[in-house]
Each structure stands twice: as C-alpha cells, then as structure tokens.
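Take a look at the structure below.
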Amino acid sequence: MKDHIVVLSGAGVSAESGLSTFRDSGGLWENYSVFDVATPEAFRRDPALVLRFYNDRRCQLAEVEPNAAHRALAELEKDFRVTIVTQNVDDLHERAGSSKVVHLHGELTQARSSRLDDLIYPIGYKPIELGDTCELGSQLRPHVVWFGEQVPMLEAAAGVVASADHLLVVGTSLQVYPAAGLVDFADPDVPITVIDPGEPARVNRATVIRKKASEGVSEWVARLRGQGR
Ligand code: OAD
C-alpha cells in the first residue's frame, strides 16, 4: 500500500499564482473587515457588498493559473496516495490535477441556497447577483464558510489527517479554528513539515522549510522521494 500524504494548505500556496493571502501585509483582511464581508450578519445587512466581494474573488480566480507548488502536489499522485485538505476557496489544486481535495471553507465556483444548505449549484466563474435565486426562490449566496458558521467538512478532514503517513502544512498561518486544530489529529509518529516564507505557524515537532511554496514544495518532494529509496 502506498504511503498516504496529507497536505493542509492555505492562501500562501496560491500567492504565487497572484491571489492575495488574508493576513500578510497587503492581504485581503487589511483592505476589508471580516465583519463587513465574511459573516452571516454581514450578508443579512448588506448582501450586495458581500456578493461583490466574492464576485471579485471569483473573477480574479478566472484570470490566474495554478503555480509550481500546486503542480508538484498533483504530480505526487503518481507515487503516493495524496489528499489535500485546503482552507482555500479557489480551485487551483483541482486545475493543477489533484484528484482528492477537501475544501474546508467551501468553493468559489459554487453557489448555494440561503435557505437550504444542501442546494448547491456549480456556477464556474460567473457572478452571483442580487435576485439570483435557488429553486425554492431564496437568494443564492457563495458556497463558502463564513466566520461563525459550522465547518461541515471538519470531521471528514480530521479522519483524513488521522490516516496520514506524512503531513505537509503549506501556506497557512493556522490562525483560524477549527481548521488550525487539524494538525493535532496526526499520529504522533507521523513526520510533519511546514512550508512558509514568512512567520511559519508553530506546529509541534514540525520541520520548517522557510521558503515560498513553489520552491519549498519541490524541496520537500525531493526529500520525500529520497526517503523512499
Ligand atoms: P493567511 O493569510 O492567514 O496565511 C497565509 C500564510 O501564507 C502566511 O503564514 C504567509 O506567511 C504564507 N505565505 C505567503 N506567501 C507564501 C508563499 N508564496 N508560499 C507559501 N506561503 C506563503 O491565510 P490562511 O491561513 O489560508 O477563512 O487563512 C485561513 C483562513 O482565514 C482562510 O481560509 C479564510 C481566512 O479568513 C475564511 O474566510 C473563513
């Protein structure tokens, strides 16, 4: 049985594709308040503003491409079982060719009913406008997890991390729970590597590669293949 590689990724893995991270200088949360655009209350108060924020993200996503880090992680599937658990709402892991991606915080390319969570519609890179409704007649909203909402994929993700033979944490500050707590589900014997060129998240017993995702992932993959020989 091939080793199971589990990758916990965040906004930093898509930074070199041209998508902003959240908490770096110049990041999204420097220009927007979470409370204006990423909570259920914000959507009730000013749905047009919230829709515009995510429409802009989706529009930008249509313009960018996966980078070397996404591609190297997809490539790994040739030799390992690989599951990506991402906090990203972009689709760059999939577009690079990764076949198993768990989206903890939802997906920009889907809309969902604001009445029934199970009513989810693929929308690609098209905007959601005020007045766009689900089949029940309720306003459509982005299929993303906002602050204060449940993370429905959490349990599945915890199971994935618990079954890892190697855990890679890349491009996430691990500031947001419950996603940040997932590293604790790794078996105590499992090697953990953190790749981050900035201030890497503190993870017990992790090896840190302080490089950008493109370079750091290639280096880590080379080490991994070296161990397998
Ligand atoms: P953050 O913006 O909190 O963290 C991004 C991390 O990526 C930082 O540690 C950076 O140092 C690192 N980074 C920057 N450039 C990089 C590069 N080229 N290669 C590798 N790493 C790089 O983003 P997340 O941890 O993903 O949630 O944020 C988690 C959640 O907070 C998001 O999913 C979003 C946000 O609020 C919701 O909106 C619910």
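Letters A, B, ... go to the chains of the structure tokens in the order shown; residues in each chain start at 1; ligands are counted from 1 in the same order.
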
task = Please identify every polymer residue within 6 Å of ligand 1, using only C-alpha atoms and all ligand atoms, and present the set as number ranges by chain.
result = A: 10-13, 15-16, 21-24, 87-88, 105, 145-147, 170-174, 176, 196-200, 212-213

request  = Fewer than 6 positions away in the same chain doesn't count, so skip those; otherwise give me all residues within 9 Å of Leu73 in chain A, counting only C-alpha atoms, as a list of chain:residue names.
outcome  = A:Val7, A:Val82, A:Ile84, A:His93, A:Ala96, A:Gly97, A:Ser98, A:Val217, A:Ser218, A:Val221

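With CA of Arg57 in chain A on one side and CA of Ile128 in chain A on the other, the separation reads 11.7 Å.
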
query = range 15-216 of chain A: which residues are helix (DSSP H, G or I) by DSSP, as a PyMOL selection string?
reply = chain A and resi 15+28-31+34-37+40-45+47-63+68-78+92-96+154-162+179-185+213-216

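Using only C-alpha atoms, the smallest distance between any of A:Glu63, A:Leu224, A:Thr109, A:Thr83 and Ser163 in chain A comes from A:Thr83.
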
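Neighbouring residues of Tyr121 in chain A at 7 Å or closer, counting only C-alpha atoms and skipping chain neighbours under 6 positions away, are Gln110, Ala111 and Arg112 of chain A.
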
Those same residues - N, CA and C atoms - I'd like them written as a short mmCIF file (atom, residue, chain, number, x, y, z; two decimals), in the first residue's frame.
data_model
loop_
_atom_site.label_atom_id
_atom_site.label_comp_id
_atom_site.auth_asym_id
_atom_site.auth_seq_id
_atom_site.Cartn_x
_atom_site.Cartn_y
_atom_site.Cartn_z
N GLN A 110 -19.01 27.54 -6.65
CA GLN A 110 -20.35 27.02 -6.37
C GLN A 110 -21.16 28.07 -5.62
N ALA A 111 -22.47 28.05 -5.89
CA ALA A 111 -23.40 28.92 -5.14
C ALA A 111 -24.32 28.01 -4.36
N ARG A 112 -24.91 28.55 -3.30
CA ARG A 112 -25.90 27.71 -2.62
C ARG A 112 -27.07 28.54 -2.12
#

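Comparing the minimum interatomic distances between Ala38 in chain A and each of A:Val183, A:His143, A:Asp3, A:Pro178, counting only C-alpha atoms, we find that A:His143 sits nearest.
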
key: Computed interatomic separation between CA of Gly226 in chain A and CA of Leu76 in chain A (Å)   = 13.4 Å

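Pairwise distance (CA of Gly131 in chain A, CA of Tyr32 in chain A) equals 24.2 Å.
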
request  = Using only C-alpha atoms, pick whichever of A:Thr193, A:Ser214, A:Gln139, A:Gln175 has the shortest atom-to-atom distance to Pro66 in chain A.
outcome  = A:Ser214

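Comparing A:His4, A:Gly26, A:Val64, A:Glu155 by their smallest distance to Val190 in chain A, the closest is A:His4 (using only C-alpha atoms).
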
request  = Pull the strand (DSSP E or B) assignments for range 144-229 of chain A out of DSSP run on the backbone, and list those residues as an NGL selection string.
outcome  = :A and (144 or 166-170 or 192-195 or 206-209)

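Nearest-residue note for Arg202 in chain A: choosing from A:Ala222, A:Cys59, A:Leu136, A:Ala180, the minimum distance belongs to A:Ala180, counting only C-alpha atoms.
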
query = Within 9 Å of Ser138 in chain A, counting only C-alpha atoms, which residues qualify if same-chain residues fewer than 3 places away don't, as a ChimeraX atom specification?
reply = /A:113-116,131-135

Restrict the selected residues to N, CA, C and O atoms and save them as a PDB file, in the first residue's frame.
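What follows is the written file again.pdb:
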ATOM      1  N   SER A 113     -28.132  27.834  -1.874  1.00  0.00           N
ATOM      2  CA  SER A 113     -29.357  28.455  -1.399  1.00  0.00           C
ATOM      3  C   SER A 113     -29.112  29.081  -0.028  1.00  0.00           C
ATOM      4  O   SER A 113     -28.414  28.491   0.803  1.00  0.00           O
ATOM      5  N   SER A 114     -29.698  30.256   0.216  1.00  0.00           N
ATOM      6  CA  SER A 114     -29.557  30.804   1.568  1.00  0.00           C
ATOM      7  C   SER A 114     -30.626  30.227   2.490  1.00  0.00           C
ATOM      8  O   SER A 114     -30.656  30.536   3.673  1.00  0.00           O
ATOM      9  N   ARG A 115     -31.504  29.348   1.940  1.00  0.00           N
ATOM     10  CA  ARG A 115     -32.493  28.704   2.813  1.00  0.00           C
ATOM     11  C   ARG A 115     -32.089  27.275   3.165  1.00  0.00           C
ATOM     12  O   ARG A 115     -32.181  26.860   4.305  1.00  0.00           O
ATOM     13  N   LEU A 116     -31.613  26.508   2.162  1.00  0.00           N
ATOM     14  CA  LEU A 116     -31.320  25.094   2.381  1.00  0.00           C
ATOM     15  C   LEU A 116     -29.867  24.812   1.971  1.00  0.00           C
ATOM     16  O   LEU A 116     -29.532  24.915   0.790  1.00  0.00           O
ATOM     17  N   GLY A 131     -31.053  38.847  -6.393  1.00  0.00           N
ATOM     18  CA  GLY A 131     -32.193  38.414  -7.218  1.00  0.00           C
ATOM     19  C   GLY A 131     -31.961  37.065  -7.873  1.00  0.00           C
ATOM     20  O   GLY A 131     -32.898  36.458  -8.377  1.00  0.00           O
ATOM     21  N   ASP A 132     -30.716  36.560  -7.869  1.00  0.00           N
ATOM     22  CA  ASP A 132     -30.468  35.184  -8.349  1.00  0.00           C
ATOM     23  C   ASP A 132     -30.933  34.241  -7.246  1.00  0.00           C
ATOM     24  O   ASP A 132     -30.462  34.345  -6.097  1.00  0.00           O
ATOM     25  N   THR A 133     -31.838  33.353  -7.586  1.00  0.00           N
ATOM     26  CA  THR A 133     -32.428  32.528  -6.525  1.00  0.00           C
ATOM     27  C   THR A 133     -32.240  31.033  -6.770  1.00  0.00           C
ATOM     28  O   THR A 133     -32.015  30.599  -7.902  1.00  0.00           O
ATOM     29  N   CYS A 134     -32.383  30.278  -5.696  1.00  0.00           N
ATOM     30  CA  CYS A 134     -32.398  28.820  -5.785  1.00  0.00           C
ATOM     31  C   CYS A 134     -33.795  28.390  -6.229  1.00  0.00           C
ATOM     32  O   CYS A 134     -34.690  29.223  -6.380  1.00  0.00           O
ATOM     33  N   GLU A 135     -33.985  27.072  -6.403  1.00  0.00           N
ATOM     34  CA  GLU A 135     -35.292  26.602  -6.900  1.00  0.00           C
ATOM     35  C   GLU A 135     -36.434  26.829  -5.897  1.00  0.00           C
ATOM     36  O   GLU A 135     -37.596  26.735  -6.249  1.00  0.00           O
TER      37      GLU A 135
END

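Restricting the calculation to only C-alpha atoms, the smallest distance between Arg95 in chain A and any of A:Leu154, A:Ser9, A:Leu167, A:Ser14 is found for A:Ser14.
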